[in-house]
Amino acid sequence: MADAVTGVATVYPTILYDDPKAAIRTLTEALGFTAEAVYEGEDGSVTHAELSCGNGRVMLGSRGREGLFARAMAGAGPAGVYVVVDEVDAHHARAAQHGVEILMPPTDQEHGSRDYMARDAEGNVWSFGTYAPGAAG
């Protein structure tokens, strides 16, 4: 979803990982995201990262840190995130080539979308497809 005035996405899924550096590698190398910002603490933990795909972003960081958000997220997960991509089959091939666990190969859906589903190393489910919720039909 984008703000009609600025075109900036207004929803940002946020996921905490035990190994966020591995998650960033998978998301960028295998799933086509771009690392826009990665901030590390003195201990090497990822305090905040932003990865983009199209006009959307996902934020992530290290599990087990201090603070209200970290406490609220304790025990949370896995999460599910849907990402709109143009070339589903090519995207799937790249993910599979990098060893990403594929839960569903590219499949034509009844509502007209073509999707595939994958799971990252920490159990989060990532769906990639052509369906763009709210897009003009």
# chains A, B, ... in the order shown; residues from 1 in each chain; ligands from 1
>>> select_by_dssp(residues="segment 11-63 of chain A", states="helix (DSSP H, G or I)", output="number ranges by chain")
A: 20-30
>>> write_last_selection(atoms="all heavy atoms", output="PDB file, in the first residue's frame")
ATOM      1  N   PRO A  20      20.121 -12.529  12.034  1.00  0.00           N
ATOM      2  CA  PRO A  20      19.646 -11.582  11.023  1.00  0.00           C
ATOM      3  C   PRO A  20      20.626 -11.381   9.868  1.00  0.00           C
ATOM      4  O   PRO A  20      20.203 -11.071   8.760  1.00  0.00           O
ATOM      5  CB  PRO A  20      19.448 -10.280  11.813  1.00  0.00           C
ATOM      6  CG  PRO A  20      20.341 -10.423  12.995  1.00  0.00           C
ATOM      7  CD  PRO A  20      20.354 -11.893  13.324  1.00  0.00           C
ATOM      8  N   LYS A  21      21.912 -11.581  10.098  1.00  0.00           N
ATOM      9  CA  LYS A  21      22.870 -11.428   8.996  1.00  0.00           C
ATOM     10  C   LYS A  21      22.648 -12.512   7.942  1.00  0.00           C
ATOM     11  O   LYS A  21      22.718 -12.247   6.741  1.00  0.00           O
ATOM     12  CB  LYS A  21      24.298 -11.433   9.525  1.00  0.00           C
ATOM     13  CG  LYS A  21      24.600 -10.181  10.349  1.00  0.00           C
ATOM     14  CD  LYS A  21      25.977 -10.213  10.952  1.00  0.00           C
ATOM     15  CE  LYS A  21      26.190  -8.990  11.836  1.00  0.00           C
ATOM     16  NZ  LYS A  21      27.472  -9.019  12.525  1.00  0.00           N
ATOM     17  N   ALA A  22      22.342 -13.731   8.376  1.00  0.00           N
ATOM     18  CA  ALA A  22      22.012 -14.803   7.425  1.00  0.00           C
ATOM     19  C   ALA A  22      20.703 -14.488   6.715  1.00  0.00           C
ATOM     20  O   ALA A  22      20.564 -14.729   5.510  1.00  0.00           O
ATOM     21  CB  ALA A  22      21.931 -16.151   8.138  1.00  0.00           C
ATOM     22  N   ALA A  23      19.738 -13.936   7.436  1.00  0.00           N
ATOM     23  CA  ALA A  23      18.456 -13.567   6.823  1.00  0.00           C
ATOM     24  C   ALA A  23      18.668 -12.499   5.761  1.00  0.00           C
ATOM     25  O   ALA A  23      18.086 -12.572   4.672  1.00  0.00           O
ATOM     26  CB  ALA A  23      17.479 -13.081   7.890  1.00  0.00           C
ATOM     27  N   ILE A  24      19.500 -11.512   6.056  1.00  0.00           N
ATOM     28  CA  ILE A  24      19.783 -10.457   5.080  1.00  0.00           C
ATOM     29  C   ILE A  24      20.436 -11.048   3.839  1.00  0.00           C
ATOM     30  O   ILE A  24      20.069 -10.697   2.704  1.00  0.00           O
ATOM     31  CB  ILE A  24      20.658  -9.348   5.713  1.00  0.00           C
ATOM     32  CG1 ILE A  24      19.837  -8.582   6.763  1.00  0.00           C
ATOM     33  CG2 ILE A  24      21.204  -8.404   4.640  1.00  0.00           C
ATOM     34  CD1 ILE A  24      20.662  -7.670   7.658  1.00  0.00           C
ATOM     35  N   ARG A  25      21.373 -11.981   4.016  1.00  0.00           N
ATOM     36  CA  ARG A  25      22.003 -12.629   2.849  1.00  0.00           C
ATOM     37  C   ARG A  25      20.959 -13.363   2.012  1.00  0.00           C
ATOM     38  O   ARG A  25      20.954 -13.256   0.776  1.00  0.00           O
ATOM     39  CB  ARG A  25      23.101 -13.593   3.297  1.00  0.00           C
ATOM     40  CG  ARG A  25      24.418 -12.921   3.619  1.00  0.00           C
ATOM     41  CD  ARG A  25      25.557 -13.921   3.797  1.00  0.00           C
ATOM     42  NE  ARG A  25      25.283 -14.954   4.787  1.00  0.00           N
ATOM     43  CZ  ARG A  25      25.451 -14.793   6.112  1.00  0.00           C
ATOM     44  NH1 ARG A  25      25.896 -13.648   6.588  1.00  0.00           N
ATOM     45  NH2 ARG A  25      25.193 -15.790   6.937  1.00  0.00           N
ATOM     46  N   THR A  26      20.072 -14.125   2.658  1.00  0.00           N
ATOM     47  CA  THR A  26      19.043 -14.861   1.915  1.00  0.00           C
ATOM     48  C   THR A  26      18.110 -13.906   1.193  1.00  0.00           C
ATOM     49  O   THR A  26      17.795 -14.096   0.014  1.00  0.00           O
ATOM     50  CB  THR A  26      18.239 -15.775   2.853  1.00  0.00           C
ATOM     51  OG1 THR A  26      19.118 -16.749   3.418  1.00  0.00           O
ATOM     52  CG2 THR A  26      17.098 -16.477   2.121  1.00  0.00           C
ATOM     53  N   LEU A  27      17.651 -12.878   1.893  1.00  0.00           N
ATOM     54  CA  LEU A  27      16.706 -11.948   1.288  1.00  0.00           C
ATOM     55  C   LEU A  27      17.324 -11.178   0.122  1.00  0.00           C
ATOM     56  O   LEU A  27      16.651 -10.923  -0.874  1.00  0.00           O
ATOM     57  CB  LEU A  27      16.159 -10.984   2.339  1.00  0.00           C
ATOM     58  CG  LEU A  27      15.201 -11.625   3.349  1.00  0.00           C
ATOM     59  CD1 LEU A  27      14.975 -10.710   4.539  1.00  0.00           C
ATOM     60  CD2 LEU A  27      13.880 -11.975   2.675  1.00  0.00           C
ATOM     61  N   THR A  28      18.596 -10.831   0.214  1.00  0.00           N
ATOM     62  CA  THR A  28      19.219 -10.070  -0.874  1.00  0.00           C
ATOM     63  C   THR A  28      19.706 -10.984  -1.995  1.00  0.00           C
ATOM     64  O   THR A  28      19.417 -10.735  -3.165  1.00  0.00           O
ATOM     65  CB  THR A  28      20.375  -9.187  -0.361  1.00  0.00           C
ATOM     66  OG1 THR A  28      21.344  -9.989   0.301  1.00  0.00           O
ATOM     67  CG2 THR A  28      19.852  -8.103   0.571  1.00  0.00           C
ATOM     68  N   GLU A  29      20.434 -12.028  -1.667  1.00  0.00           N
ATOM     69  CA  GLU A  29      21.029 -12.879  -2.696  1.00  0.00           C
ATOM     70  C   GLU A  29      20.025 -13.807  -3.363  1.00  0.00           C
ATOM     71  O   GLU A  29      20.078 -14.013  -4.577  1.00  0.00           O
ATOM     72  CB  GLU A  29      22.175 -13.698  -2.093  1.00  0.00           C
ATOM     73  CG  GLU A  29      23.338 -12.842  -1.625  1.00  0.00           C
ATOM     74  CD  GLU A  29      24.392 -13.625  -0.863  1.00  0.00           C
ATOM     75  OE1 GLU A  29      24.352 -14.869  -0.859  1.00  0.00           O
ATOM     76  OE2 GLU A  29      25.266 -12.973  -0.258  1.00  0.00           O
ATOM     77  N   ALA A  30      19.113 -14.378  -2.589  1.00  0.00           N
ATOM     78  CA  ALA A  30      18.203 -15.383  -3.139  1.00  0.00           C
ATOM     79  C   ALA A  30      16.829 -14.835  -3.495  1.00  0.00           C
ATOM     80  O   ALA A  30      16.172 -15.354  -4.393  1.00  0.00           O
ATOM     81  CB  ALA A  30      18.035 -16.532  -2.138  1.00  0.00           C
TER      82      ALA A  30
END
>>> residues_around(residues="Asp108 of chain A", least_positions_apart="6", cutoff="10 Å", atoms="only C-alpha atoms", output="PDB file with N, CA, C and O atoms, in the first residue's frame")
ATOM      1  N   ARG A 114      -0.344 -15.445 -10.103  1.00  0.00           N
ATOM      2  CA  ARG A 114       0.612 -16.554 -10.174  1.00  0.00           C
ATOM      3  C   ARG A 114       1.550 -16.353  -8.996  1.00  0.00           C
ATOM      4  O   ARG A 114       2.176 -15.300  -8.864  1.00  0.00           O
ATOM      5  N   ASP A 115       1.633 -17.340  -8.116  1.00  0.00           N
ATOM      6  CA  ASP A 115       2.364 -17.223  -6.857  1.00  0.00           C
ATOM      7  C   ASP A 115       3.256 -18.427  -6.617  1.00  0.00           C
ATOM      8  O   ASP A 115       3.008 -19.512  -7.145  1.00  0.00           O
ATOM      9  N   TYR A 116       4.258 -18.219  -5.767  1.00  0.00           N
ATOM     10  CA  TYR A 116       4.967 -19.335  -5.154  1.00  0.00           C
ATOM     11  C   TYR A 116       5.231 -18.981  -3.701  1.00  0.00           C
ATOM     12  O   TYR A 116       5.111 -17.823  -3.299  1.00  0.00           O
ATOM     13  N   GLY A 129       4.277 -13.163  -5.759  1.00  0.00           N
ATOM     14  CA  GLY A 129       3.317 -13.360  -6.816  1.00  0.00           C
ATOM     15  C   GLY A 129       2.924 -12.085  -7.505  1.00  0.00           C
ATOM     16  O   GLY A 129       3.424 -10.996  -7.191  1.00  0.00           O
ATOM     17  N   THR A 130       2.003 -12.214  -8.442  1.00  0.00           N
ATOM     18  CA  THR A 130       1.579 -11.094  -9.272  1.00  0.00           C
ATOM     19  C   THR A 130       0.372 -10.366  -8.715  1.00  0.00           C
ATOM     20  O   THR A 130       0.010  -9.307  -9.229  1.00  0.00           O
TER      21      THR A 130
END
>>> residues_around(residues="Arg57 of chain A", least_positions_apart="2", cutoff="6 Å", atoms="only C-alpha atoms", output="ChimeraX atom specification")
/A:12,51-52
>>> closest_residue(among="A:Gly44, A:Ala95, A:Val84, A:Pro106", to="Pro133 of chain A", atoms="only C-alpha atoms")
A:Val84
>>> select_by_dssp(residues="chain A", states="strand (DSSP E)", output="PyMOL selection string")
chain A and resi 14-17+34-40+46-53+56-62+80-84+101-108+114-119+125-129
>>> atom_distance(atom1="atom CA of Gly61 of chain A", atom2="atom CA of Ser45 of chain A")
7.8 Å
>>> residues_around(residues="segment 67-82 of chain A", least_positions_apart="2", cutoff="7 Å", atoms="only C-alpha atoms", output="PDB file with all heavy atoms, in the first residue's frame")
ATOM      1  N   ARG A  63      16.900 -10.896  17.364  1.00  0.00           N
ATOM      2  CA  ARG A  63      16.015 -11.318  18.444  1.00  0.00           C
ATOM      3  C   ARG A  63      16.808 -11.255  19.758  1.00  0.00           C
ATOM      4  O   ARG A  63      18.019 -11.424  19.772  1.00  0.00           O
ATOM      5  CB  ARG A  63      15.541 -12.750  18.189  1.00  0.00           C
ATOM      6  CG  ARG A  63      14.475 -13.235  19.131  1.00  0.00           C
ATOM      7  CD  ARG A  63      14.079 -14.683  18.861  1.00  0.00           C
ATOM      8  NE  ARG A  63      13.788 -14.998  17.472  1.00  0.00           N
ATOM      9  CZ  ARG A  63      12.642 -14.742  16.838  1.00  0.00           C
ATOM     10  NH1 ARG A  63      11.680 -14.125  17.473  1.00  0.00           N
ATOM     11  NH2 ARG A  63      12.474 -15.100  15.585  1.00  0.00           N
ATOM     12  N   GLY A  64      16.119 -10.990  20.871  1.00  0.00           N
ATOM     13  CA  GLY A  64      16.739 -11.062  22.182  1.00  0.00           C
ATOM     14  C   GLY A  64      17.371  -9.780  22.675  1.00  0.00           C
ATOM     15  O   GLY A  64      18.041  -9.785  23.702  1.00  0.00           O
ATOM     16  N   ARG A  65      17.167  -8.687  21.969  1.00  0.00           N
ATOM     17  CA  ARG A  65      17.707  -7.410  22.428  1.00  0.00           C
ATOM     18  C   ARG A  65      16.825  -6.847  23.542  1.00  0.00           C
ATOM     19  O   ARG A  65      15.763  -7.372  23.839  1.00  0.00           O
ATOM     20  CB  ARG A  65      17.791  -6.412  21.268  1.00  0.00           C
ATOM     21  CG  ARG A  65      18.790  -6.812  20.210  1.00  0.00           C
ATOM     22  CD  ARG A  65      19.004  -5.733  19.153  1.00  0.00           C
ATOM     23  NE  ARG A  65      17.972  -4.731  19.068  1.00  0.00           N
ATOM     24  CZ  ARG A  65      17.049  -4.674  18.112  1.00  0.00           C
ATOM     25  NH1 ARG A  65      17.027  -5.549  17.156  1.00  0.00           N
ATOM     26  NH2 ARG A  65      16.146  -3.712  18.110  1.00  0.00           N
ATOM     27  N   VAL A  84       4.892  -8.563  -4.069  1.00  0.00           N
ATOM     28  CA  VAL A  84       4.499  -8.535  -5.479  1.00  0.00           C
ATOM     29  C   VAL A  84       5.765  -8.503  -6.341  1.00  0.00           C
ATOM     30  O   VAL A  84       6.652  -7.678  -6.125  1.00  0.00           O
ATOM     31  CB  VAL A  84       3.625  -7.305  -5.781  1.00  0.00           C
ATOM     32  CG1 VAL A  84       3.279  -7.238  -7.266  1.00  0.00           C
ATOM     33  CG2 VAL A  84       2.356  -7.329  -4.934  1.00  0.00           C
ATOM     34  N   GLY A 123      11.861 -20.075   9.660  1.00  0.00           N
ATOM     35  CA  GLY A 123      10.459 -20.469   9.643  1.00  0.00           C
ATOM     36  C   GLY A 123       9.473 -19.453   9.118  1.00  0.00           C
ATOM     37  O   GLY A 123       8.280 -19.738   9.046  1.00  0.00           O
ATOM     38  N   ASN A 124       9.921 -18.265   8.743  1.00  0.00           N
ATOM     39  CA  ASN A 124       9.009 -17.267   8.192  1.00  0.00           C
ATOM     40  C   ASN A 124       8.632 -17.664   6.770  1.00  0.00           C
ATOM     41  O   ASN A 124       9.453 -18.169   6.015  1.00  0.00           O
ATOM     42  CB  ASN A 124       9.673 -15.887   8.209  1.00  0.00           C
ATOM     43  CG  ASN A 124       9.998 -15.458   9.619  1.00  0.00           C
ATOM     44  OD1 ASN A 124       9.107 -15.237  10.424  1.00  0.00           O
ATOM     45  ND2 ASN A 124      11.282 -15.374   9.923  1.00  0.00           N
ATOM     46  N   VAL A 125       7.374 -17.441   6.420  1.00  0.00           N
ATOM     47  CA  VAL A 125       6.857 -17.828   5.110  1.00  0.00           C
ATOM     48  C   VAL A 125       6.785 -16.588   4.223  1.00  0.00           C
ATOM     49  O   VAL A 125       6.170 -15.576   4.589  1.00  0.00           O
ATOM     50  CB  VAL A 125       5.475 -18.491   5.240  1.00  0.00           C
ATOM     51  CG1 VAL A 125       4.884 -18.794   3.867  1.00  0.00           C
ATOM     52  CG2 VAL A 125       5.578 -19.760   6.078  1.00  0.00           C
ATOM     53  N   TRP A 126       7.441 -16.673   3.078  1.00  0.00           N
ATOM     54  CA  TRP A 126       7.484 -15.588   2.105  1.00  0.00           C
ATOM     55  C   TRP A 126       6.741 -16.051   0.857  1.00  0.00           C
ATOM     56  O   TRP A 126       7.081 -17.072   0.278  1.00  0.00           O
ATOM     57  CB  TRP A 126       8.933 -15.255   1.755  1.00  0.00           C
ATOM     58  CG  TRP A 126       9.687 -14.691   2.912  1.00  0.00           C
ATOM     59  CD1 TRP A 126      10.313 -15.389   3.912  1.00  0.00           C
ATOM     60  CD2 TRP A 126       9.864 -13.321   3.213  1.00  0.00           C
ATOM     61  NE1 TRP A 126      10.871 -14.526   4.811  1.00  0.00           N
ATOM     62  CE2 TRP A 126      10.619 -13.236   4.403  1.00  0.00           C
ATOM     63  CE3 TRP A 126       9.473 -12.133   2.586  1.00  0.00           C
ATOM     64  CZ2 TRP A 126      10.969 -12.026   4.978  1.00  0.00           C
ATOM     65  CZ3 TRP A 126       9.842 -10.931   3.160  1.00  0.00           C
ATOM     66  CH2 TRP A 126      10.577 -10.898   4.347  1.00  0.00           C
ATOM     67  N   SER A 127       5.714 -15.295   0.457  1.00  0.00           N
ATOM     68  CA  SER A 127       4.984 -15.580  -0.773  1.00  0.00           C
ATOM     69  C   SER A 127       5.324 -14.499  -1.786  1.00  0.00           C
ATOM     70  O   SER A 127       5.408 -13.315  -1.448  1.00  0.00           O
ATOM     71  CB  SER A 127       3.477 -15.581  -0.515  1.00  0.00           C
ATOM     72  OG  SER A 127       3.147 -16.592   0.419  1.00  0.00           O
ATOM     73  N   PHE A 128       5.528 -14.904  -3.025  1.00  0.00           N
ATOM     74  CA  PHE A 128       5.859 -13.977  -4.098  1.00  0.00           C
ATOM     75  C   PHE A 128       4.884 -14.231  -5.240  1.00  0.00           C
ATOM     76  O   PHE A 128       4.671 -15.378  -5.623  1.00  0.00           O
ATOM     77  CB  PHE A 128       7.294 -14.198  -4.583  1.00  0.00           C
ATOM     78  CG  PHE A 128       8.317 -13.949  -3.501  1.00  0.00           C
ATOM     79  CD1 PHE A 128       8.705 -14.971  -2.654  1.00  0.00           C
ATOM     80  CD2 PHE A 128       8.855 -12.683  -3.329  1.00  0.00           C
ATOM     81  CE1 PHE A 128       9.634 -14.738  -1.648  1.00  0.00           C
ATOM     82  CE2 PHE A 128       9.776 -12.440  -2.318  1.00  0.00           C
ATOM     83  CZ  PHE A 128      10.165 -13.471  -1.477  1.00  0.00           C
TER      84      PHE A 128
END
>>> residues_around(residues="Ala37 of chain A", least_positions_apart="5", cutoff="9 Å", atoms="only C-alpha atoms", output="list in words")
His48, Ala49, Glu50 and Leu51 of chain A
>>> closest_residue(among="A:Thr47, A:Thr107, A:Gly41, A:Gly56", to="Val11 of chain A", atoms="only C-alpha atoms")
A:Gly56
>>> atom_distance(atom1="atom CA of Glu122 of chain A", atom2="atom CA of Asn55 of chain A")
24.8 Å
>>> atom_distance(atom1="atom CA of Met117 of chain A", atom2="atom CA of His92 of chain A")
8.7 Å
>>> closest_residue(among="A:Cys53, A:Asp18, A:Ser62, A:Val8", to="Tyr39 of chain A", atoms="only C-alpha atoms")
A:Ser62
>>> decode(residues="segment 91-129 of chain A", atoms="N, CA and C atoms", output="mmCIF file, in the first residue's frame")
data_model
loop_
_atom_site.group_PDB
_atom_site.id
_atom_site.type_symbol
_atom_site.label_atom_id
_atom_site.label_comp_id
_atom_site.auth_asym_id
_atom_site.auth_seq_id
_atom_site.Cartn_x
_atom_site.Cartn_y
_atom_site.Cartn_z
ATOM 1 N N HIS A 91 11.853 -15.452 -10.510
ATOM 2 C CA HIS A 91 12.109 -15.202 -9.094
ATOM 3 C C HIS A 91 12.221 -16.530 -8.347
ATOM 4 N N HIS A 92 11.308 -17.442 -8.637
ATOM 5 C CA HIS A 92 11.318 -18.771 -8.029
ATOM 6 C C HIS A 92 12.609 -19.507 -8.367
ATOM 7 N N ALA A 93 13.022 -19.451 -9.634
ATOM 8 C CA ALA A 93 14.247 -20.150 -10.054
ATOM 9 C C ALA A 93 15.456 -19.631 -9.283
ATOM 10 N N ARG A 94 15.530 -18.332 -9.085
ATOM 11 C CA ARG A 94 16.642 -17.742 -8.324
ATOM 12 C C ARG A 94 16.627 -18.236 -6.884
ATOM 13 N N ALA A 95 15.454 -18.236 -6.250
ATOM 14 C CA ALA A 95 15.342 -18.698 -4.869
ATOM 15 C C ALA A 95 15.748 -20.164 -4.753
ATOM 16 N N ALA A 96 15.233 -20.998 -5.649
ATOM 17 C CA ALA A 96 15.558 -22.427 -5.620
ATOM 18 C C ALA A 96 17.048 -22.663 -5.849
ATOM 19 N N GLN A 97 17.638 -21.895 -6.764
ATOM 20 C CA GLN A 97 19.073 -22.022 -7.051
ATOM 21 C C GLN A 97 19.918 -21.718 -5.809
ATOM 22 N N HIS A 98 19.426 -20.844 -4.942
ATOM 23 C CA HIS A 98 20.135 -20.484 -3.715
ATOM 24 C C HIS A 98 19.775 -21.403 -2.550
ATOM 25 N N GLY A 99 18.982 -22.439 -2.794
ATOM 26 C CA GLY A 99 18.665 -23.413 -1.760
ATOM 27 C C GLY A 99 17.553 -23.020 -0.811
ATOM 28 N N VAL A 100 16.764 -22.015 -1.163
ATOM 29 C CA VAL A 100 15.635 -21.621 -0.326
ATOM 30 C C VAL A 100 14.594 -22.742 -0.345
ATOM 31 N N GLU A 101 14.030 -23.047 0.810
ATOM 32 C CA GLU A 101 12.997 -24.087 0.895
ATOM 33 C C GLU A 101 11.729 -23.603 0.189
ATOM 34 N N ILE A 102 11.319 -24.311 -0.843
ATOM 35 C CA ILE A 102 10.121 -23.954 -1.598
ATOM 36 C C ILE A 102 8.951 -24.776 -1.058
ATOM 37 N N LEU A 103 7.918 -24.085 -0.600
ATOM 38 C CA LEU A 103 6.730 -24.756 -0.071
ATOM 39 C C LEU A 103 5.694 -25.027 -1.164
ATOM 40 N N MET A 104 5.642 -24.137 -2.161
ATOM 41 C CA MET A 104 4.717 -24.293 -3.291
ATOM 42 C C MET A 104 5.400 -23.707 -4.512
ATOM 43 N N PRO A 105 5.520 -24.484 -5.594
ATOM 44 C CA PRO A 105 6.127 -23.939 -6.819
ATOM 45 C C PRO A 105 5.190 -22.905 -7.448
ATOM 46 N N PRO A 106 5.651 -22.169 -8.449
ATOM 47 C CA PRO A 106 4.766 -21.211 -9.112
ATOM 48 C C PRO A 106 3.475 -21.887 -9.561
ATOM 49 N N THR A 107 2.376 -21.288 -9.135
ATOM 50 C CA THR A 107 1.060 -21.874 -9.353
ATOM 51 C C THR A 107 0.080 -20.780 -9.752
ATOM 52 N N ASP A 108 -0.720 -21.018 -10.790
ATOM 53 C CA ASP A 108 -1.776 -20.087 -11.167
ATOM 54 C C ASP A 108 -2.926 -20.236 -10.173
ATOM 55 N N GLN A 109 -3.367 -19.114 -9.598
ATOM 56 C CA GLN A 109 -4.432 -19.112 -8.598
ATOM 57 C C GLN A 109 -5.771 -18.773 -9.245
ATOM 58 N N GLU A 110 -6.855 -19.156 -8.579
ATOM 59 C CA GLU A 110 -8.201 -18.900 -9.098
ATOM 60 C C GLU A 110 -8.481 -17.410 -9.268
ATOM 61 N N HIS A 111 -7.884 -16.566 -8.436
ATOM 62 C CA HIS A 111 -8.137 -15.124 -8.491
ATOM 63 C C HIS A 111 -7.246 -14.418 -9.520
ATOM 64 N N GLY A 112 -6.526 -15.196 -10.345
ATOM 65 C CA GLY A 112 -5.773 -14.619 -11.451
ATOM 66 C C GLY A 112 -4.304 -14.367 -11.182
ATOM 67 N N SER A 113 -3.857 -14.597 -9.976
ATOM 68 C CA SER A 113 -2.453 -14.383 -9.642
ATOM 69 C C SER A 113 -1.629 -15.626 -9.939
ATOM 70 N N ARG A 114 -0.344 -15.445 -10.103
ATOM 71 C CA ARG A 114 0.612 -16.554 -10.174
ATOM 72 C C ARG A 114 1.550 -16.353 -8.996
ATOM 73 N N ASP A 115 1.633 -17.340 -8.116
ATOM 74 C CA ASP A 115 2.364 -17.223 -6.857
ATOM 75 C C ASP A 115 3.256 -18.427 -6.617
ATOM 76 N N TYR A 116 4.258 -18.219 -5.767
ATOM 77 C CA TYR A 116 4.967 -19.335 -5.154
ATOM 78 C C TYR A 116 5.231 -18.981 -3.701
ATOM 79 N N MET A 117 5.529 -19.998 -2.910
ATOM 80 C CA MET A 117 5.705 -19.805 -1.481
ATOM 81 C C MET A 117 7.007 -20.456 -1.032
ATOM 82 N N ALA A 118 7.735 -19.757 -0.146
ATOM 83 C CA ALA A 118 9.013 -20.249 0.356
ATOM 84 C C ALA A 118 9.083 -20.023 1.874
ATOM 85 N N ARG A 119 10.003 -20.751 2.521
ATOM 86 C CA ARG A 119 10.216 -20.574 3.953
ATOM 87 C C ARG A 119 11.690 -20.234 4.171
ATOM 88 N N ASP A 120 11.949 -19.214 5.001
ATOM 89 C CA ASP A 120 13.340 -18.887 5.295
ATOM 90 C C ASP A 120 13.865 -19.805 6.393
ATOM 91 N N ALA A 121 15.133 -19.681 6.706
ATOM 92 C CA ALA A 121 15.793 -20.595 7.639
ATOM 93 C C ALA A 121 15.231 -20.534 9.055
ATOM 94 N N GLU A 122 14.496 -19.459 9.389
ATOM 95 C CA GLU A 122 13.931 -19.352 10.729
ATOM 96 C C GLU A 122 12.420 -19.533 10.754
ATOM 97 N N GLY A 123 11.861 -20.075 9.660
ATOM 98 C CA GLY A 123 10.459 -20.469 9.643
ATOM 99 C C GLY A 123 9.473 -19.453 9.118
ATOM 100 N N ASN A 124 9.921 -18.265 8.743
ATOM 101 C CA ASN A 124 9.009 -17.267 8.192
ATOM 102 C C ASN A 124 8.632 -17.664 6.770
ATOM 103 N N VAL A 125 7.374 -17.441 6.420
ATOM 104 C CA VAL A 125 6.857 -17.828 5.110
ATOM 105 C C VAL A 125 6.785 -16.588 4.223
ATOM 106 N N TRP A 126 7.441 -16.673 3.078
ATOM 107 C CA TRP A 126 7.484 -15.588 2.105
ATOM 108 C C TRP A 126 6.741 -16.051 0.857
ATOM 109 N N SER A 127 5.714 -15.295 0.457
ATOM 110 C CA SER A 127 4.984 -15.580 -0.773
ATOM 111 C C SER A 127 5.324 -14.499 -1.786
ATOM 112 N N PHE A 128 5.528 -14.904 -3.025
ATOM 113 C CA PHE A 128 5.859 -13.977 -4.098
ATOM 114 C C PHE A 128 4.884 -14.231 -5.240
ATOM 115 N N GLY A 129 4.277 -13.163 -5.759
ATOM 116 C CA GLY A 129 3.317 -13.360 -6.816
ATOM 117 C C GLY A 129 2.924 -12.085 -7.505
#
